[in-house]
>>> print(open('final34.cif').read())   # mmCIF, C-alpha atoms
data_structure
#
loop_
_atom_site.label_atom_id
_atom_site.label_comp_id
_atom_site.auth_asym_id
_atom_site.auth_seq_id
_atom_site.Cartn_x
_atom_site.Cartn_y
_atom_site.Cartn_z
CA MET O 1 -65.77 164.48 90.23
CA GLU O 2 -65.86 167.76 88.39
CA ALA O 3 -69.33 167.06 87.04
CA MET O 4 -70.68 166.42 90.52
CA THR O 5 -69.75 169.82 91.88
CA SER O 6 -69.82 172.07 88.84
CA SER O 7 -73.61 171.84 88.59
CA ARG O 8 -73.96 172.84 92.22
CA LYS O 9 -71.97 176.04 92.47
CA ALA O 10 -73.21 178.86 94.60
CA VAL O 11 -74.21 181.85 92.51
CA VAL O 12 -73.52 185.26 93.98
CA THR O 13 -74.96 188.47 92.57
CA LEU O 14 -75.07 192.05 93.84
CA PRO O 15 -78.64 193.25 93.16
CA THR O 16 -78.06 196.69 94.71
CA ASP O 17 -75.18 198.53 96.40
CA GLU O 18 -76.20 197.21 99.81
CA GLN O 19 -77.20 193.67 98.88
CA ILE O 20 -75.63 190.29 98.23
CA LEU O 21 -77.75 187.46 96.86
CA ILE O 22 -76.47 183.91 97.21
CA THR O 23 -78.39 181.05 95.60
CA ARG O 24 -77.72 177.34 95.46
CA GLU O 25 -79.60 174.18 94.65
CA PHE O 26 -79.43 171.09 96.86
CA ASP O 27 -80.28 167.53 96.02
CA ALA O 28 -82.59 167.18 99.04
CA PRO O 29 -86.12 168.21 100.04
CA LYS O 30 -86.51 171.54 101.78
CA ASP O 31 -87.32 170.16 105.23
CA LEU O 32 -83.86 168.56 105.28
CA VAL O 33 -82.10 171.68 104.03
CA TYR O 34 -83.94 173.64 106.70
CA LYS O 35 -82.92 171.07 109.30
CA ALA O 36 -79.26 171.20 108.24
CA TRP O 37 -79.40 174.99 108.49
CA THR O 38 -81.11 175.23 111.89
CA THR O 39 -79.73 172.31 113.93
CA PRO O 40 -76.57 173.27 115.88
CA GLU O 41 -74.91 169.82 115.65
CA LEU O 42 -75.42 169.83 111.89
CA VAL O 43 -74.37 173.46 111.38
CA GLN O 44 -71.17 172.57 113.19
CA ARG O 45 -70.35 170.10 110.44
CA TRP O 46 -70.60 172.40 107.44
CA TRP O 47 -70.40 176.05 108.45
CA THR O 48 -66.61 176.39 108.67
CA ALA O 49 -66.14 174.71 105.28
CA ARG O 50 -63.15 172.96 106.89
CA ARG O 51 -61.28 176.19 107.45
CA GLY O 52 -61.19 175.73 111.18
CA ALA O 53 -63.01 174.27 114.14
CA MET O 54 -66.47 175.39 115.12
CA LYS O 55 -66.27 176.36 118.77
CA ILE O 56 -69.79 177.64 119.28
CA ALA O 57 -73.01 177.00 117.37
CA GLU O 58 -75.95 178.32 119.33
CA ILE O 59 -79.39 178.56 117.78
CA ASP O 60 -82.50 179.70 119.64
CA LEU O 61 -84.91 179.27 116.77
CA ARG O 62 -87.84 181.53 117.62
CA VAL O 63 -88.71 185.10 116.80
CA GLY O 64 -86.55 187.26 119.06
CA GLY O 65 -84.25 184.31 119.76
CA LYS O 66 -80.50 184.70 119.30
CA TRP O 67 -77.92 182.76 117.34
CA ARG O 68 -74.13 182.78 117.61
CA TYR O 69 -71.46 180.97 115.61
CA VAL O 70 -67.77 181.09 116.50
CA MET O 71 -65.00 179.32 114.67
CA GLU O 72 -61.30 179.12 115.33
CA THR O 73 -59.15 179.34 112.24
CA GLU O 74 -56.09 177.17 111.76
CA ASP O 75 -53.84 180.04 112.85
CA GLY O 76 -55.77 180.38 116.10
CA MET O 77 -57.93 183.37 115.26
CA GLU O 78 -61.49 183.40 116.54
CA VAL O 79 -64.14 184.54 114.12
CA GLY O 80 -67.59 185.15 115.54
CA PHE O 81 -71.00 186.05 114.17
CA HIS O 82 -74.28 186.52 115.96
CA GLY O 83 -77.77 187.77 115.37
CA GLU O 84 -81.42 187.61 116.21
CA TYR O 85 -84.28 185.83 114.48
CA ARG O 86 -86.91 188.23 113.18
CA GLU O 87 -89.19 185.92 111.24
CA ILE O 88 -89.49 182.15 111.06
CA VAL O 89 -91.70 180.08 108.78
CA THR O 90 -90.62 176.46 109.27
CA ASN O 91 -89.14 174.90 106.11
CA GLU O 92 -89.93 178.08 104.15
CA ARG O 93 -88.27 181.25 105.33
CA ILE O 94 -85.97 182.68 107.98
CA VAL O 95 -85.24 186.35 108.50
CA SER O 96 -82.44 187.15 110.93
CA THR O 97 -79.80 189.75 111.61
CA GLU O 98 -76.12 188.91 111.19
CA ALA O 99 -73.41 190.84 113.00
CA TYR O 100 -69.72 190.17 112.38
CA GLU O 101 -67.95 190.42 115.72
CA GLY O 102 -64.66 191.44 114.12
CA ILE O 103 -65.75 195.02 113.38
CA PRO O 104 -66.41 197.96 115.72
CA ASP O 105 -70.02 198.19 116.85
CA PRO O 106 -71.13 194.91 115.22
CA ASP O 107 -74.83 195.26 116.03
CA ALA O 108 -75.22 198.73 114.56
CA ASN O 109 -73.61 197.44 111.37
CA ALA O 110 -75.47 194.13 111.26
CA ALA O 111 -76.86 192.82 108.01
CA LEU O 112 -80.39 191.51 107.60
CA ASN O 113 -80.49 188.04 106.05
CA THR O 114 -83.56 186.60 104.37
CA LEU O 115 -83.43 182.90 103.59
CA THR O 116 -85.95 181.29 101.29
CA PHE O 117 -86.28 177.53 100.77
CA THR O 118 -88.03 176.54 97.53
CA GLU O 119 -88.55 172.91 96.58
CA ALA O 120 -89.16 171.42 93.12
CA ASP O 121 -88.94 167.71 92.24
CA GLY O 122 -87.31 166.87 95.53
CA ARG O 123 -84.58 169.46 95.05
CA THR O 124 -84.33 172.65 97.04
CA THR O 125 -83.14 176.07 96.00
CA LEU O 126 -81.86 178.07 98.91
CA SER O 127 -81.60 181.80 98.42
CA ILE O 128 -79.91 184.05 100.92
CA LEU O 129 -80.43 187.76 100.53
CA VAL O 130 -77.94 189.71 102.65
CA GLU O 131 -78.83 193.37 103.12
CA HIS O 132 -76.28 195.66 104.69
CA PRO O 133 -77.11 199.09 106.12
CA ASN O 134 -74.72 200.67 103.62
CA GLN O 135 -72.43 199.86 100.72
CA GLU O 136 -69.27 200.01 102.80
CA GLY O 137 -70.55 197.17 104.98
CA ARG O 138 -71.57 195.16 101.96
CA ASP O 139 -68.17 195.60 100.34
CA MET O 140 -66.32 194.63 103.52
CA HIS O 141 -68.43 191.52 103.76
CA ILE O 142 -67.54 190.43 100.23
CA ASN O 143 -63.90 191.30 100.84
CA SER O 144 -63.72 188.74 103.62
CA GLY O 145 -63.96 186.09 100.89
CA MET O 146 -60.64 187.26 99.46
CA GLU O 147 -58.65 185.35 102.05
CA ASP O 148 -59.93 182.11 100.67
CA GLY O 149 -58.89 180.11 97.68
CA LEU O 150 -57.91 176.93 99.42
CA GLN O 151 -57.92 174.59 96.49
CA ASP O 152 -56.43 171.81 98.58
CA ALA O 153 -59.28 172.01 101.05
CA LEU O 154 -61.77 171.99 98.22
CA ASP O 155 -60.26 168.83 96.81
CA LEU O 156 -60.42 167.23 100.24
CA LEU O 157 -64.12 168.08 100.57
CA GLU O 158 -64.87 166.39 97.30
CA GLN O 159 -63.09 163.24 98.39
CA VAL O 160 -65.05 163.15 101.63
CA ALA O 161 -68.34 163.75 99.83
CA VAL O 162 -67.63 161.00 97.34
CA SER O 163 -66.57 158.51 100.01
CA LEU O 164 -69.89 159.00 101.80
CA ARG O 165 -71.99 158.19 98.77
CA MET N 1 -60.09 198.42 104.31
CA ALA N 2 -58.84 201.67 102.86
CA ARG N 3 -59.71 202.33 99.27
CA ALA N 4 -57.86 204.24 96.61
CA ALA N 5 -59.29 207.46 95.23
CA THR N 6 -62.34 207.16 92.98
CA THR N 7 -60.34 208.02 89.91
CA THR N 8 -57.80 205.19 90.31
CA ASP N 9 -59.95 202.35 91.61
CA ALA N 10 -62.43 200.41 89.47
CA PHE N 11 -64.48 199.54 92.56
CA ASN N 12 -65.12 203.13 93.48
CA ALA N 13 -65.55 204.17 89.89
CA VAL N 14 -68.52 201.83 89.54
CA ALA N 15 -69.87 202.53 93.02
CA GLU N 16 -71.78 205.53 91.63
CA PRO N 17 -75.19 204.35 90.34
CA ARG N 18 -75.12 206.73 87.35
CA ARG N 19 -71.76 205.40 86.28
CA ARG N 20 -73.11 201.86 86.42
CA GLN N 21 -76.01 202.97 84.24
CA ILE N 22 -73.50 204.27 81.72
CA LEU N 23 -71.63 200.95 81.79
CA ASP N 24 -74.91 199.07 81.30
CA ALA N 25 -75.78 201.28 78.33
CA LEU N 26 -72.35 200.71 76.80
CA ALA N 27 -72.60 196.95 77.29
CA ASP N 28 -74.85 196.93 74.20
CA GLY N 29 -72.23 198.66 72.10
CA GLU N 30 -70.53 201.95 71.37
CA ARG N 31 -72.45 205.16 71.94
CA PRO N 32 -71.78 208.87 71.56
CA VAL N 33 -72.32 211.20 74.52
CA ASN N 34 -75.62 212.56 73.24
CA GLU N 35 -77.14 209.07 73.28
CA LEU N 36 -76.01 208.56 76.85
CA VAL N 37 -77.45 211.93 77.78
CA ALA N 38 -80.80 210.92 76.31
CA LEU N 39 -80.74 207.47 77.94
CA LEU N 40 -79.83 208.69 81.41
CA GLY N 41 -81.86 211.86 81.37
CA LEU N 42 -78.92 213.83 82.75
CA ALA N 43 -77.32 217.04 81.56
CA GLN N 44 -74.35 216.58 79.25
CA PRO N 45 -71.77 218.07 81.67
CA GLN N 46 -72.77 215.48 84.29
CA VAL N 47 -72.54 212.61 81.85
CA SER N 48 -69.16 213.88 80.67
CA LYS N 49 -67.95 214.09 84.26
CA HIS N 50 -68.92 210.46 84.89
CA LEU N 51 -67.32 209.40 81.61
CA ARG N 52 -64.06 211.06 82.64
CA VAL N 53 -63.97 208.97 85.82
CA LEU N 54 -64.72 205.78 83.90
CA LEU N 55 -62.07 206.64 81.30
CA LYS N 56 -59.48 207.23 83.98
CA VAL N 57 -59.87 203.75 85.49
CA GLY N 58 -60.05 202.24 82.01
CA ALA N 59 -63.61 200.94 82.38
CA VAL N 60 -64.52 202.91 79.29
CA GLU N 61 -62.53 203.66 76.15
CA VAL N 62 -63.13 206.34 73.56
CA ARG N 63 -62.40 206.76 69.87
CA ARG N 64 -62.99 209.60 67.49
CA GLU N 65 -65.15 209.16 64.42
CA GLY N 66 -65.49 212.34 62.43
CA ARG N 67 -66.70 214.98 64.86
CA GLN N 68 -68.09 212.41 67.28
CA ARG N 69 -66.44 210.70 70.19
CA LEU N 70 -67.68 207.16 70.63
CA TYR N 71 -67.48 205.50 74.04
CA ARG N 72 -67.25 201.78 74.61
CA LEU N 73 -67.01 199.41 77.56
CA ASN N 74 -63.69 197.80 78.49
CA GLY N 75 -64.66 194.71 80.46
CA GLN N 76 -61.05 193.89 81.34
CA ALA N 77 -60.85 196.88 83.69
CA LEU N 78 -63.81 195.52 85.60
CA LYS N 79 -62.23 192.12 86.09
CA PRO N 80 -61.08 192.88 89.67
CA ILE N 81 -64.73 193.31 90.61
CA HIS N 82 -65.66 190.07 88.90
CA ASP N 83 -62.82 188.28 90.70
CA TRP N 84 -63.85 189.82 94.00
CA VAL N 85 -67.34 188.36 93.76
CA LYS N 86 -66.04 185.02 92.45
CA SER N 87 -63.80 184.57 95.46
CA TYR N 88 -66.74 185.11 97.80
CA GLU N 89 -68.81 182.76 95.69
CA ARG N 90 -66.13 180.11 95.99
CA SER N 91 -66.14 180.25 99.78
CA TRP N 92 -69.90 179.74 99.79
CA SER N 93 -69.60 176.90 97.31
CA GLU N 94 -67.19 175.15 99.65
CA ARG N 95 -69.51 175.63 102.58
CA PHE N 96 -72.45 174.28 100.61
CA GLU N 97 -70.43 171.24 99.57
CA GLU N 98 -70.06 170.42 103.23
CA MET N 99 -73.81 170.84 103.60
CA ASP N 100 -74.30 168.32 100.78
CA VAL N 101 -72.52 165.73 102.90
CA VAL N 102 -74.83 166.43 105.84
CA LEU N 103 -77.91 166.36 103.61
CA ALA N 104 -76.95 163.05 102.03
CA GLU N 105 -76.83 161.59 105.53
CA LEU N 106 -80.16 163.08 106.52
CA LYS N 107 -81.74 161.67 103.39
CA GLN N 108 -80.31 158.26 104.14
CA GLN N 109 -81.66 158.41 107.70
CA GLN N 110 -85.09 159.38 106.42
CA GLU N 111 -85.10 156.51 103.94
CA ASP N 112 -84.05 154.04 106.62
CA GLU N 113 -86.83 155.24 108.89
CA GLY N 114 -89.32 155.09 106.03
CA ASP N 115 -88.40 151.45 105.39
CA GLY N 116 -88.97 150.68 109.03
CA SER N 117 -85.61 148.96 108.96
CA ASP N 118 -82.95 149.32 111.59
CA ASP N 119 -79.35 149.05 110.55
CA GLU N 120 -78.00 148.82 114.05
#
>>> encode(input="final34.cif", output="structure tokens")
Amino acid sequence: MEAMTSSRKAVVTLPTDEQILITREFDAPKDLVYKAWTTPELVQRWWTARRGAMKIAEIDLRVGGKWRYVMETEDGMEVGFHGEYREIVTNERIVSTEAYEGIPDPDANAALNTLTFTEADGRTTLSILVEHPNQEGRDMHINSGMEDGLQDALDLLEQVAVSLR
Amino acid sequence: MARAATTTDAFNAVAEPRRRQILDALADGERPVNELVALLGLAQPQVSKHLRVLLKVGAVEVRREGRQRLYRLNGQALKPIHDWVKSYERSWSERFEEMDVVLAELKQQQEDEGDGSDDE
């Protein structure tokens, strides 16, 4: 089981003070990765990473269209994000804003996300470049990951993934 | 989230781009101040000021050799930053593992359609 997941870890780097770069390879062609990323019913199945229930997954996939994701954590807290699509190249690239609704003035502090889907030999590398207006925003964003570390949940995910193969 | 003062917090100590340049330069090995001055193109007092901050949080250590003071990187002091990024990375890894499940299904659907077969 370890071998299956260890080769597919997300890699996070901090190219500049304002940026976060997340990359990950998927064992699927890019049109499917794009589909999983942009179809509300599918996003609902992976976005929370089993840390809660997805209450809202709205995607209006066109330039100027809005998106909004809201999840409810196990202790009843609602966590919401929203943004606007700025650029869309089907199966290739999505540029959108991302505002975390848990901070004052979310839209003024929104990050700009650039997603790139690159396929080679039927496998797709997804890269997500998150650009915050300033370093403070970037650091807060990364800090939100500190509440995690749910090894039990991780183990559960692996079992589910294996059972579906 | 409130942060500690620059001089007591590794995060803030490395937030300054010049200080990160110094850490990068020291990643290759020990260097005296004059080498750092040449590499960074800054005046010595500025480099010394940055080194004092890095020394205070333990990101850099110094030893005397003859009349020279040699500075070196102490990676252990930067571990909180490494851990900070790793935790974020882990949460994305978990999310992507869920996506793998969805993708495996989509692939299966596509194959079924390609075969012209109908499982139902």
>>> axis_aligned_box(input="final34.cif", around="region 40-53 of chain N", padding_each_side="8 Å", output="AutoDock Vina command-line options")
--center_x -72.9 --center_y 213.4 --center_z 82.5 --size_x 33.9 --size_y 25.4 --size_z 22.6
>>> closest_residue(input="final34.cif", among="O:Glu58, O:Asp17, O:Glu78, O:Glu41", to="Tyr100 (chain O)", atoms="all atoms listed in the file")
O:Glu78
>>> atom_distance(input="final34.cif", atom1="CA of Lys56 (chain N)", atom2="CA of Asp24 (chain N)")
17.7 Å
>>> resolve_selection(input="final34.cif", expression="the PyMOL selection byres ((chain N) within 6 of (chain O))", output="ChimeraX atom specification")
/N:87-89,93-95,98-99,101
>>> atom_distance(input="final34.cif", atom1="CA of Lys86 (chain N)", atom2="CA of Val130 (chain O)")
16.4 Å
>>> atom_distance(input="final34.cif", atom1="CA of Pro133 (chain O)", atom2="CA of Val14 (chain N)")
18.9 Å
>>> resolve_selection(input="final34.cif", expression="the PyMOL selection byres ((chain N and resi 72) around 6)", output="PDB file with C-alpha atoms, in the frame of the given file")
ATOM      1  CA  LEU N  26     -72.350 200.710  76.800  1.00  0.00           C
ATOM      2  CA  GLU N  30     -70.530 201.950  71.370  1.00  0.00           C
ATOM      3  CA  VAL N  60     -64.520 202.910  79.290  1.00  0.00           C
ATOM      4  CA  GLU N  61     -62.530 203.660  76.150  1.00  0.00           C
ATOM      5  CA  TYR N  71     -67.480 205.500  74.040  1.00  0.00           C
ATOM      6  CA  LEU N  73     -67.010 199.410  77.560  1.00  0.00           C
TER       7      LEU N  73
END
>>> closest_residue(input="final34.cif", among="N:Leu40, N:Leu103, N:Val33, N:Leu70", to="Arg18 (chain N)", atoms="only C-alpha atoms")
N:Leu40
>>> residues_around(input="final34.cif", residues="Val95 (chain O)", least_positions_apart="5", cutoff="6 Å", atoms="all atoms listed in the file", output="list in words")
Arg86, Glu87, Asn113 and Thr114 of chain O
>>> resolve_selection(input="final34.cif", expression="the PyMOL selection byres ((chain O and resi 72) around 9)", output="NGL selection string")
:O and (48 or 51-55 or 70-71 or 73-80)
>>> decode(input="final34.cif", residues="region 83-121 of chain O", atoms="N, CA and C atoms", output="short mmCIF file (atom, residue, chain, number, x, y, z; two decimals), in the first residue's frame")
data_model
loop_
_atom_site.label_atom_id
_atom_site.label_comp_id
_atom_site.auth_asym_id
_atom_site.auth_seq_id
_atom_site.Cartn_x
_atom_site.Cartn_y
_atom_site.Cartn_z
N GLY O 83 -14.43 32.24 -5.83
CA GLY O 83 -13.58 32.99 -6.75
C GLY O 83 -14.24 33.16 -8.10
N GLU O 84 -13.45 33.68 -9.01
CA GLU O 84 -13.95 33.97 -10.35
C GLU O 84 -12.96 33.42 -11.37
N TYR O 85 -13.48 32.87 -12.44
CA TYR O 85 -12.61 32.34 -13.50
C TYR O 85 -12.11 33.48 -14.38
N ARG O 86 -10.82 33.52 -14.60
CA ARG O 86 -10.22 34.59 -15.39
C ARG O 86 -9.79 34.11 -16.77
N GLU O 87 -9.45 32.83 -16.86
CA GLU O 87 -8.95 32.29 -18.11
C GLU O 87 -9.24 30.80 -18.12
N ILE O 88 -9.76 30.31 -19.24
CA ILE O 88 -10.08 28.88 -19.33
C ILE O 88 -9.64 28.34 -20.69
N VAL O 89 -8.76 27.36 -20.67
CA VAL O 89 -8.41 26.64 -21.90
C VAL O 89 -8.71 25.18 -21.57
N THR O 90 -9.80 24.67 -22.12
CA THR O 90 -10.27 23.33 -21.77
C THR O 90 -9.16 22.29 -21.83
N ASN O 91 -9.06 21.51 -20.77
CA ASN O 91 -8.08 20.42 -20.61
C ASN O 91 -6.62 20.90 -20.53
N GLU O 92 -6.42 22.21 -20.50
CA GLU O 92 -5.04 22.73 -20.51
C GLU O 92 -4.72 23.63 -19.31
N ARG O 93 -5.63 24.59 -19.06
CA ARG O 93 -5.23 25.67 -18.16
C ARG O 93 -6.47 26.36 -17.59
N ILE O 94 -6.42 26.67 -16.31
CA ILE O 94 -7.48 27.44 -15.67
C ILE O 94 -6.82 28.49 -14.79
N VAL O 95 -7.23 29.73 -14.98
CA VAL O 95 -6.76 30.79 -14.07
C VAL O 95 -7.99 31.31 -13.34
N SER O 96 -7.94 31.30 -12.02
CA SER O 96 -9.08 31.81 -11.25
C SER O 96 -8.60 32.44 -9.96
N THR O 97 -9.46 33.27 -9.39
CA THR O 97 -9.13 33.82 -8.08
C THR O 97 -9.64 32.84 -7.02
N GLU O 98 -9.07 32.94 -5.82
CA GLU O 98 -9.51 32.10 -4.71
C GLU O 98 -9.51 32.94 -3.44
N ALA O 99 -10.72 33.15 -2.90
CA ALA O 99 -10.85 33.94 -1.68
C ALA O 99 -11.29 33.02 -0.55
N TYR O 100 -10.61 33.08 0.57
CA TYR O 100 -10.98 32.30 1.75
C TYR O 100 -11.96 33.13 2.56
N GLU O 101 -13.15 32.59 2.77
CA GLU O 101 -14.21 33.38 3.40
C GLU O 101 -14.02 33.56 4.90
N GLY O 102 -13.04 32.90 5.46
CA GLY O 102 -12.80 32.99 6.90
C GLY O 102 -11.92 34.16 7.33
N ILE O 103 -11.54 35.02 6.39
CA ILE O 103 -10.70 36.17 6.77
C ILE O 103 -11.46 37.46 6.44
N PRO O 104 -11.10 38.57 7.10
CA PRO O 104 -11.75 39.84 6.78
C PRO O 104 -11.44 40.23 5.33
N ASP O 105 -12.43 40.79 4.66
CA ASP O 105 -12.27 41.26 3.29
C ASP O 105 -11.65 40.21 2.36
N PRO O 106 -12.34 39.06 2.23
CA PRO O 106 -11.77 37.94 1.46
C PRO O 106 -11.36 38.32 0.04
N ASP O 107 -12.20 39.10 -0.64
CA ASP O 107 -11.93 39.36 -2.05
C ASP O 107 -10.69 40.23 -2.28
N ALA O 108 -10.47 41.18 -1.37
CA ALA O 108 -9.29 42.03 -1.51
C ALA O 108 -8.02 41.23 -1.26
N ASN O 109 -8.16 40.15 -0.49
CA ASN O 109 -6.99 39.33 -0.16
C ASN O 109 -6.94 38.02 -0.95
N ALA O 110 -7.74 37.95 -2.01
CA ALA O 110 -7.82 36.71 -2.78
C ALA O 110 -6.49 36.37 -3.45
N ALA O 111 -6.26 35.08 -3.59
CA ALA O 111 -5.09 34.61 -4.33
C ALA O 111 -5.48 34.40 -5.78
N LEU O 112 -4.49 34.38 -6.64
CA LEU O 112 -4.72 34.05 -8.05
C LEU O 112 -4.11 32.67 -8.29
N ASN O 113 -4.96 31.74 -8.74
CA ASN O 113 -4.49 30.36 -8.96
C ASN O 113 -4.37 30.06 -10.45
N THR O 114 -3.24 29.53 -10.83
CA THR O 114 -3.05 29.11 -12.23
C THR O 114 -2.83 27.61 -12.25
N LEU O 115 -3.76 26.91 -12.88
CA LEU O 115 -3.66 25.45 -12.99
C LEU O 115 -3.20 25.08 -14.38
N THR O 116 -2.26 24.16 -14.45
CA THR O 116 -1.77 23.70 -15.75
C THR O 116 -1.84 22.17 -15.78
N PHE O 117 -2.44 21.64 -16.82
CA PHE O 117 -2.56 20.18 -16.99
C PHE O 117 -1.63 19.74 -18.11
N THR O 118 -0.65 18.91 -17.80
CA THR O 118 0.31 18.46 -18.80
C THR O 118 0.30 16.93 -18.86
N GLU O 119 0.07 16.40 -20.05
CA GLU O 119 -0.02 14.94 -20.18
C GLU O 119 1.21 14.35 -20.87
N ALA O 120 1.66 13.21 -20.36
CA ALA O 120 2.74 12.44 -21.01
C ALA O 120 2.48 10.97 -20.75
N ASP O 121 2.45 10.17 -21.79
CA ASP O 121 2.23 8.73 -21.69
C ASP O 121 0.97 8.40 -20.88
#
